[in-house]
Amino acid sequence: MDEYNKLTKGLRNPQSSSELEISKTPALEWGLEFLYITTPQLSLVYEQFAIIIFKPTINSNFKVFPRVNPQWGNSLDHAISVIEKLLSLFIVGSEGYNRLYVFLLTFKTANNLKFDVEDIDNKYYCFLVFVYDINFPNKDPIIYSSINKALKGLQISHSTLLDYINNNYIYKSNFILSFEPIAADTFCEEKYAEKPAPDNQLLRSKAYYSL
């Protein structure tokens with residue numbers, strides 16, 4: 001509350017877009033919506049649903065990535081059923097439909113995967129990793145049941161994986177990495193690109209400075 005008072009009274013400058021919005025909004029104008037008390041499997045689904053429906057000022061463009069906890073096993077039938085009901089509230093092809101459809105595909109995929117101790121016993125287990133070959137857009141992706149398995153299979157570090165996914169870089173000139181299913185017809189869009197080569201001049205400057 002102290003930080004809120006500082007922001008609204010101009011005692012502290014906002015450090016982010018979220019804080020800027022908070023500084024403009026008196027507490028009397030805040031609204032609180034209780035959606036559902038639900039199972040862990042559906043918590044992120046409802047979070048994405050709420051963002052689509054209520055369009056909050058803060059994080060209005062926020063995209064929720066589906067997470068799948070291997071400890072749930074393959075008990076996702078109820079969650080899949082709920083997602084299908086939520087999808088019926090949207091027009092097919094709309095932004096809201098497409099975002100929830102990603103959850104549906106992810107959960108259906110996870111429901112047919114075999115999880116083992118390696119998936120559960122590491123801190124990166126909650127995300128599936130999809131690897132698409134841009135040369136064969138209609139081919140099914142390689143699916144890793146955890147980030148840990150993806151790091152071993154791709155022989156890359158966690159930071160490198162995040163770099164390629166967050167910036168939509170093409171991995172080894174052939175592969176698209178993602179935490180969620182993606183449509184083959186998006187492979188040709190300008191969304192994906194090769195990672196820029198390091199600036200040689202900058203590297204030379206660094207080398208010179210280090211001497």
# chains A, B, ... in the order shown; residues from 1 in each chain; ligands from 1
>>> residues_around(residues="stretch 178-184 of chain A", least_positions_apart="4", cutoff="9 Å", atoms="only C-alpha atoms", output="list in words")
Phe65, Pro66, Arg67, Val102, Phe103, Leu105, Thr106, Phe127, Leu128, Val129, Phe130, Val131, Tyr132, Ile134, Phe136, Pro137, Asn138, Lys139, Pro141, Tyr164, Ile165, Asn166, Asn168 and Cys188 of chain A
>>> write_last_selection(atoms="C-alpha atoms", output="PDB file, in the first residue's frame")
ATOM      1  CA  PHE A  65       1.622 -20.030 -21.873  1.00  0.00           C
ATOM      2  CA  PRO A  66       0.043 -23.409 -21.081  1.00  0.00           C
ATOM      3  CA  ARG A  67       1.814 -25.347 -18.345  1.00  0.00           C
ATOM      4  CA  VAL A 102      -3.711 -23.487 -27.887  1.00  0.00           C
ATOM      5  CA  PHE A 103      -4.516 -24.748 -24.386  1.00  0.00           C
ATOM      6  CA  LEU A 105      -4.093 -28.724 -28.176  1.00  0.00           C
ATOM      7  CA  THR A 106      -1.449 -28.616 -25.447  1.00  0.00           C
ATOM      8  CA  PHE A 127       6.421 -26.661 -19.990  1.00  0.00           C
ATOM      9  CA  LEU A 128       6.196 -28.871 -23.035  1.00  0.00           C
ATOM     10  CA  VAL A 129       8.624 -27.886 -25.799  1.00  0.00           C
ATOM     11  CA  PHE A 130       7.567 -28.173 -29.442  1.00  0.00           C
ATOM     12  CA  VAL A 131      10.207 -28.332 -32.186  1.00  0.00           C
ATOM     13  CA  TYR A 132       8.982 -27.658 -35.735  1.00  0.00           C
ATOM     14  CA  ILE A 134      10.245 -25.225 -41.217  1.00  0.00           C
ATOM     15  CA  PHE A 136       8.355 -29.764 -43.508  1.00  0.00           C
ATOM     16  CA  PRO A 137       5.477 -27.626 -42.180  1.00  0.00           C
ATOM     17  CA  ASN A 138       2.959 -30.475 -42.329  1.00  0.00           C
ATOM     18  CA  LYS A 139       5.150 -32.840 -40.352  1.00  0.00           C
ATOM     19  CA  PRO A 141       6.677 -31.603 -34.330  1.00  0.00           C
ATOM     20  CA  TYR A 164      15.141 -18.498 -29.289  1.00  0.00           C
ATOM     21  CA  ILE A 165      11.553 -18.889 -28.085  1.00  0.00           C
ATOM     22  CA  ASN A 166      11.033 -15.357 -26.766  1.00  0.00           C
ATOM     23  CA  ASN A 168      11.164 -16.056 -32.439  1.00  0.00           C
ATOM     24  CA  CYS A 188       6.388 -18.224 -43.623  1.00  0.00           C
TER      25      CYS A 188
END
>>> residues_around(residues="A:Trp72", least_positions_apart="6", cutoff="12 Å", atoms="only C-alpha atoms", output="list of chain:residue names")
A:Thr39, A:Pro40, A:Gln41, A:Leu42, A:His78, A:Ala79, A:Phe107, A:Ala110, A:Asn111, A:Leu113, A:Lys114, A:Phe115, A:Asp116, A:Asp119, A:Ile120, A:Tyr125, A:Cys126
>>> atom_distance(atom1="atom CA of A:Gly96", atom2="atom CA of A:Tyr46")
12.0 Å
>>> residues_around(residues="stretch 47-53 of chain A", least_positions_apart="2", cutoff="6 Å", atoms="only C-alpha atoms", output="ChimeraX atom specification")
/A:44-45,55,64,96
>>> atom_distance(atom1="atom CA of A:Leu162", atom2="atom CA of A:Asn69")
19.0 Å
>>> closest_residue(among="A:Leu104, A:Arg99, A:Asn174, A:Ile143", to="A:Val82", atoms="only C-alpha atoms")
A:Leu104
>>> select_by_dssp(residues="stretch 49-105 of chain A", states="helix (DSSP H, G or I)", output="number ranges by chain")
A: 49-54, 70-72, 77-87, 95-105
>>> write_last_selection(atoms="N, CA and C atoms", output="CSV table (one decimal), in the first residue's frame")
chain,number,residue,atom,x,y,z
A,49,PHE,N,-8.6,-16.8,-20.0
A,49,PHE,CA,-10.0,-16.4,-20.3
A,49,PHE,C,-10.3,-15.1,-19.8
A,50,ALA,N,-9.9,-14.8,-18.5
A,50,ALA,CA,-10.2,-13.5,-17.9
A,50,ALA,C,-9.5,-12.3,-18.7
A,51,ILE,N,-8.3,-12.5,-19.1
A,51,ILE,CA,-7.6,-11.5,-19.9
A,51,ILE,C,-8.4,-11.2,-21.2
A,52,ILE,N,-8.8,-12.3,-21.8
A,52,ILE,CA,-9.6,-12.1,-23.1
A,52,ILE,C,-10.9,-11.3,-22.9
A,53,ILE,N,-11.6,-11.7,-21.8
A,53,ILE,CA,-12.9,-11.2,-21.6
A,53,ILE,C,-12.9,-9.8,-21.0
A,54,PHE,N,-12.1,-9.6,-19.9
A,54,PHE,CA,-12.1,-8.3,-19.2
A,54,PHE,C,-11.1,-7.3,-19.8
A,70,PRO,N,3.7,-32.7,-14.8
A,70,PRO,CA,3.7,-34.1,-14.9
A,70,PRO,C,3.1,-34.9,-13.7
A,71,GLN,N,3.0,-34.2,-12.6
A,71,GLN,CA,2.4,-34.9,-11.4
A,71,GLN,C,0.9,-35.0,-11.6
A,72,TRP,N,0.3,-34.3,-12.6
A,72,TRP,CA,-1.1,-34.5,-12.9
A,72,TRP,C,-1.3,-35.8,-13.7
A,77,ASP,N,-8.7,-35.0,-18.7
A,77,ASP,CA,-10.0,-35.1,-19.4
A,77,ASP,C,-10.9,-34.0,-19.0
A,78,HIS,N,-11.0,-33.8,-17.7
A,78,HIS,CA,-12.0,-32.8,-17.2
A,78,HIS,C,-11.5,-31.4,-17.7
A,79,ALA,N,-10.2,-31.1,-17.6
A,79,ALA,CA,-9.7,-29.8,-18.1
A,79,ALA,C,-10.0,-29.6,-19.6
A,80,ILE,N,-9.8,-30.7,-20.3
A,80,ILE,CA,-10.1,-30.6,-21.8
A,80,ILE,C,-11.6,-30.3,-22.0
A,81,SER,N,-12.4,-30.9,-21.3
A,81,SER,CA,-13.9,-30.7,-21.4
A,81,SER,C,-14.2,-29.3,-21.1
A,82,VAL,N,-13.7,-28.7,-20.1
A,82,VAL,CA,-14.0,-27.3,-19.7
A,82,VAL,C,-13.5,-26.4,-20.8
A,83,ILE,N,-12.3,-26.6,-21.3
A,83,ILE,CA,-11.7,-25.7,-22.4
A,83,ILE,C,-12.7,-25.8,-23.6
A,84,GLU,N,-13.1,-27.0,-23.9
A,84,GLU,CA,-14.1,-27.1,-25.1
A,84,GLU,C,-15.3,-26.3,-24.9
A,85,LYS,N,-15.8,-26.2,-23.6
A,85,LYS,CA,-17.0,-25.4,-23.3
A,85,LYS,C,-16.7,-23.9,-23.4
A,86,LEU,N,-15.5,-23.5,-23.0
A,86,LEU,CA,-15.1,-22.1,-23.1
A,86,LEU,C,-15.0,-21.7,-24.5
A,87,LEU,N,-14.5,-22.6,-25.3
A,87,LEU,CA,-14.3,-22.3,-26.8
A,87,LEU,C,-15.6,-22.0,-27.4
A,95,GLU,N,-9.5,-14.0,-31.8
A,95,GLU,CA,-8.3,-14.0,-31.0
A,95,GLU,C,-8.5,-14.8,-29.7
A,96,GLY,N,-9.7,-14.7,-29.1
A,96,GLY,CA,-10.0,-15.4,-27.9
A,96,GLY,C,-10.1,-16.9,-28.2
A,97,TYR,N,-10.7,-17.3,-29.3
A,97,TYR,CA,-10.8,-18.7,-29.6
A,97,TYR,C,-9.4,-19.3,-29.9
A,98,ASN,N,-8.6,-18.6,-30.6
A,98,ASN,CA,-7.2,-19.1,-30.9
A,98,ASN,C,-6.4,-19.3,-29.7
A,99,ARG,N,-6.5,-18.4,-28.7
A,99,ARG,CA,-5.6,-18.5,-27.5
A,99,ARG,C,-6.1,-19.7,-26.7
A,100,LEU,N,-7.4,-19.9,-26.5
A,100,LEU,CA,-7.8,-21.0,-25.7
A,100,LEU,C,-7.6,-22.4,-26.5
A,101,TYR,N,-7.7,-22.3,-27.8
A,101,TYR,CA,-7.4,-23.5,-28.6
A,101,TYR,C,-6.0,-24.0,-28.4
A,102,VAL,N,-5.1,-23.1,-28.2
A,102,VAL,CA,-3.7,-23.5,-27.9
A,102,VAL,C,-3.7,-24.3,-26.6
A,103,PHE,N,-4.4,-23.9,-25.6
A,103,PHE,CA,-4.5,-24.7,-24.4
A,103,PHE,C,-5.1,-26.1,-24.7
A,104,LEU,N,-6.1,-26.2,-25.5
A,104,LEU,CA,-6.8,-27.4,-25.8
A,104,LEU,C,-5.8,-28.4,-26.5
A,105,LEU,N,-5.1,-27.9,-27.5
A,105,LEU,CA,-4.1,-28.7,-28.2
A,105,LEU,C,-3.0,-29.2,-27.2
>>> closest_residue(among="A:Asn112, A:Ile91, A:Glu194, A:Gly10", to="A:Leu76", atoms="only C-alpha atoms")
A:Asn112
>>> residues_around(residues="A:Tyr192", least_positions_apart="6", cutoff="8 Å", atoms="only C-alpha atoms", output="PyMOL selection string")
chain A and resi 168-170+176
>>> write_last_selection(atoms="N, CA and C atoms", output="CSV table (one decimal), in the first residue's frame")
chain,number,residue,atom,x,y,z
A,168,ASN,N,11.6,-15.4,-31.2
A,168,ASN,CA,11.2,-16.1,-32.4
A,168,ASN,C,12.3,-16.3,-33.4
A,169,TYR,N,13.5,-16.7,-32.9
A,169,TYR,CA,14.6,-17.0,-33.7
A,169,TYR,C,14.5,-18.4,-34.3
A,170,ILE,N,15.0,-18.6,-35.5
A,170,ILE,CA,15.0,-19.9,-36.1
A,170,ILE,C,16.3,-20.6,-35.7
A,176,ILE,N,11.8,-24.2,-35.5
A,176,ILE,CA,11.1,-23.2,-34.7
A,176,ILE,C,10.9,-23.9,-33.3
